[in-house]
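J.: Please find one structure pasted underneath; my questions will follow.
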Amino acid sequence: MRSIVGNVAVRDVASTVDGLRAQLERMQGRRLETPVLPVPQALATLLPGGGLRPGASYSLGRSMSLLFALFARPSQDGAWCAAVGMPHLGAEAARAAGVDLSRLVLIPEPGERWLAVTAAIADVLPVVAVRPPARAKDGDIARLAARMREREAVLLVQGPWPQTEAMIDVGDPSWSGIGEGYGLLEGRELTVTVTSRRFPRPRTGRVLLPDASGALSRVASAGRDAPLWAMDRAIDRAAG
């Protein structure tokens, strides 16, 4: 894991990006060939396309566990991830959730030029998460969106964001492992809600986050999950 600490000027980011680009050429090895970046199966059944679309942005709630769950599979599969403007991100919690810390870059304090820093990092890293400290101008957002599409990078924004592929949030938590006033916490159930312009109503699913292994998994049920994303792909193909 690399941490870029302090109030980062854009010119400083440029030199850092150059260094990251050189390291990525040595370590990344190859580009993921799948049309979407993978996510845990419990999320794949809810997301448009069954994963994170390169070039798209996603609006997230403030749950760090949710962010780690979205980082985990891409980082394990060799994709580098970055977190911008999250000074209290817990590295150990990320590792426990399955994030490969050797492919995680932290920029805790990007300063007032956070949007430019995010755009610069997106030049070389395929998954970039940011927590905006303030509302950005529409023109700046549009330029960042164009950069993400050009570089085929995924943008994960903790908070509201315009023209997102989907909004993902969690709620209704309940913990397991506690008996009648005693016991150890073993897992937390949450409801994941995904809202997208690609389908007419929000999709929800009950998940364990974390489960016994610290990751995100589906809550066992008698029913069988329908692959909702498969219908999205069929619609996309029919639309040409």
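Chain identifiers are assigned as A, B, and so on, following the order in which chains appear in the structure tokens; residues are numbered from 1 within each chain, and ligands are numbered from 1 in order of appearance.
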Counting only C-alpha atoms, what is within 8 Å of A:Asp211, bar same-chain residues fewer than 3 positions away, as JSON, numbers by chain?
T.: {"A": [186, 187, 188, 208, 214, 215, 216, 217]}
J.: If we count only C-alpha atoms and set the cut-off at 7 Å, which residues sit around A:Ser59, ignoring sequence neighbours fewer than 2 positions away in its own chain? Please answer as a ChimeraX atom specification.
T.: /A:57,156-161,164,166-168
J.: Which residues, written as a ChimeraX atom specification, have at least one atom at most 9 Å from A:Thr195, with only C-alpha atoms counted and residues fewer than 4 positions away on the same chain left out?
T.: /A:47,165-169,199-204
J.: Could you pull out the alpha helix (DSSP H) residues of stretch 39-121 of chain A from DSSP and send them as an MDAnalysis selection string?
T.: chainID A and resid 41:44 64:76 91:96 114:121
J.: Grab the residues selected above and save them as an mmCIF file, in the first residue's frame with C-alpha atoms.
T.:
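Result went into result_22.cif, see below:
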```cif
data_model
loop_
_atom_site.group_PDB
_atom_site.id
_atom_site.type_symbol
_atom_site.label_atom_id
_atom_site.label_comp_id
_atom_site.auth_asym_id
_atom_site.auth_seq_id
_atom_site.Cartn_x
_atom_site.Cartn_y
_atom_site.Cartn_z
ATOM 1 C CA GLN A 41 -21.428 -12.434 -6.463
ATOM 2 C CA ALA A 42 -23.991 -11.032 -4.023
ATOM 3 C CA LEU A 43 -23.425 -7.583 -5.570
ATOM 4 C CA ALA A 44 -23.078 -8.857 -9.139
ATOM 5 C CA MET A 64 -16.196 1.876 4.293
ATOM 6 C CA SER A 65 -17.082 -1.834 4.391
ATOM 7 C CA LEU A 66 -18.984 -1.389 1.127
ATOM 8 C CA LEU A 67 -16.032 0.407 -0.460
ATOM 9 C CA PHE A 68 -13.633 -2.339 0.643
ATOM 10 C CA ALA A 69 -15.980 -4.973 -0.816
ATOM 11 C CA LEU A 70 -15.808 -3.170 -4.183
ATOM 12 C CA PHE A 71 -12.003 -2.863 -3.973
ATOM 13 C CA ALA A 72 -11.418 -6.478 -2.968
ATOM 14 C CA ARG A 73 -11.998 -8.464 -6.176
ATOM 15 C CA PRO A 74 -10.343 -5.992 -8.591
ATOM 16 C CA SER A 75 -7.258 -5.683 -6.362
ATOM 17 C CA GLN A 76 -7.040 -9.466 -5.959
ATOM 18 C CA ALA A 91 -5.613 -0.322 6.230
ATOM 19 C CA GLU A 92 -6.066 -3.336 8.508
ATOM 20 C CA ALA A 93 -9.825 -3.255 8.015
ATOM 21 C CA ALA A 94 -9.268 -3.129 4.248
ATOM 22 C CA ARG A 95 -6.903 -6.099 4.418
ATOM 23 C CA ALA A 96 -9.377 -8.079 6.532
ATOM 24 C CA TRP A 114 -9.053 17.232 -5.020
ATOM 25 C CA LEU A 115 -10.857 16.956 -8.341
ATOM 26 C CA ALA A 116 -7.676 17.544 -10.335
ATOM 27 C CA VAL A 117 -5.843 15.047 -8.123
ATOM 28 C CA THR A 118 -8.582 12.468 -8.743
ATOM 29 C CA ALA A 119 -8.353 13.019 -12.500
ATOM 30 C CA ALA A 120 -4.560 12.676 -12.434
ATOM 31 C CA ILE A 121 -4.707 9.409 -10.502
#
```
J.: Applying 6 Å and only C-alpha atoms, which residues near stretch 125-131 of chain A remain after dropping the ones on its own chain fewer than 4 positions away? List them as a list of chain:residue names.
T.: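 Contacts, with the query itself left out: A:Trp80, A:Cys81, A:Ala82, A:Ala83, A:Val84, A:Gly85, A:Ala153, A:Val154, A:Leu155, A:Leu156, A:Val157, A:Gln158.
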J.: Please indicate the distance in Å from atom CA of A:Glu112 to atom CA of A:Ala79, rounded to one decimal place.
T.: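 Here the two named atoms are 27.5 Å from each other.
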J.: Kindly give the distance, in Å, that separates atom CA of A:Ile107 and atom CA of A:Pro162, rounded to a single decimal.
T.: 23.1 Å
J.: Choose the residue, out of A:Arg62, A:Leu37, A:Glu152, A:Leu89, that has the smallest atom-to-atom separation from A:Gly50; count only C-alpha atoms.
T.: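 Among the listed residues, A:Leu37 lies closest to A:Gly50.
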J.: Kindly indicate which residue among A:Val99, A:Val39, A:Ala212, A:Trp175 lies nearest to A:Leu190, using only C-alpha atoms for the distances.
T.: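 Once distances to A:Leu190 are computed over only C-alpha atoms, the minimum belongs to A:Trp175.
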J.: Quick one: distance from atom CA of A:Leu52 to atom CA of A:Arg149 in Å, one decimal?
T.: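 These atoms are spaced 12.9 Å apart.
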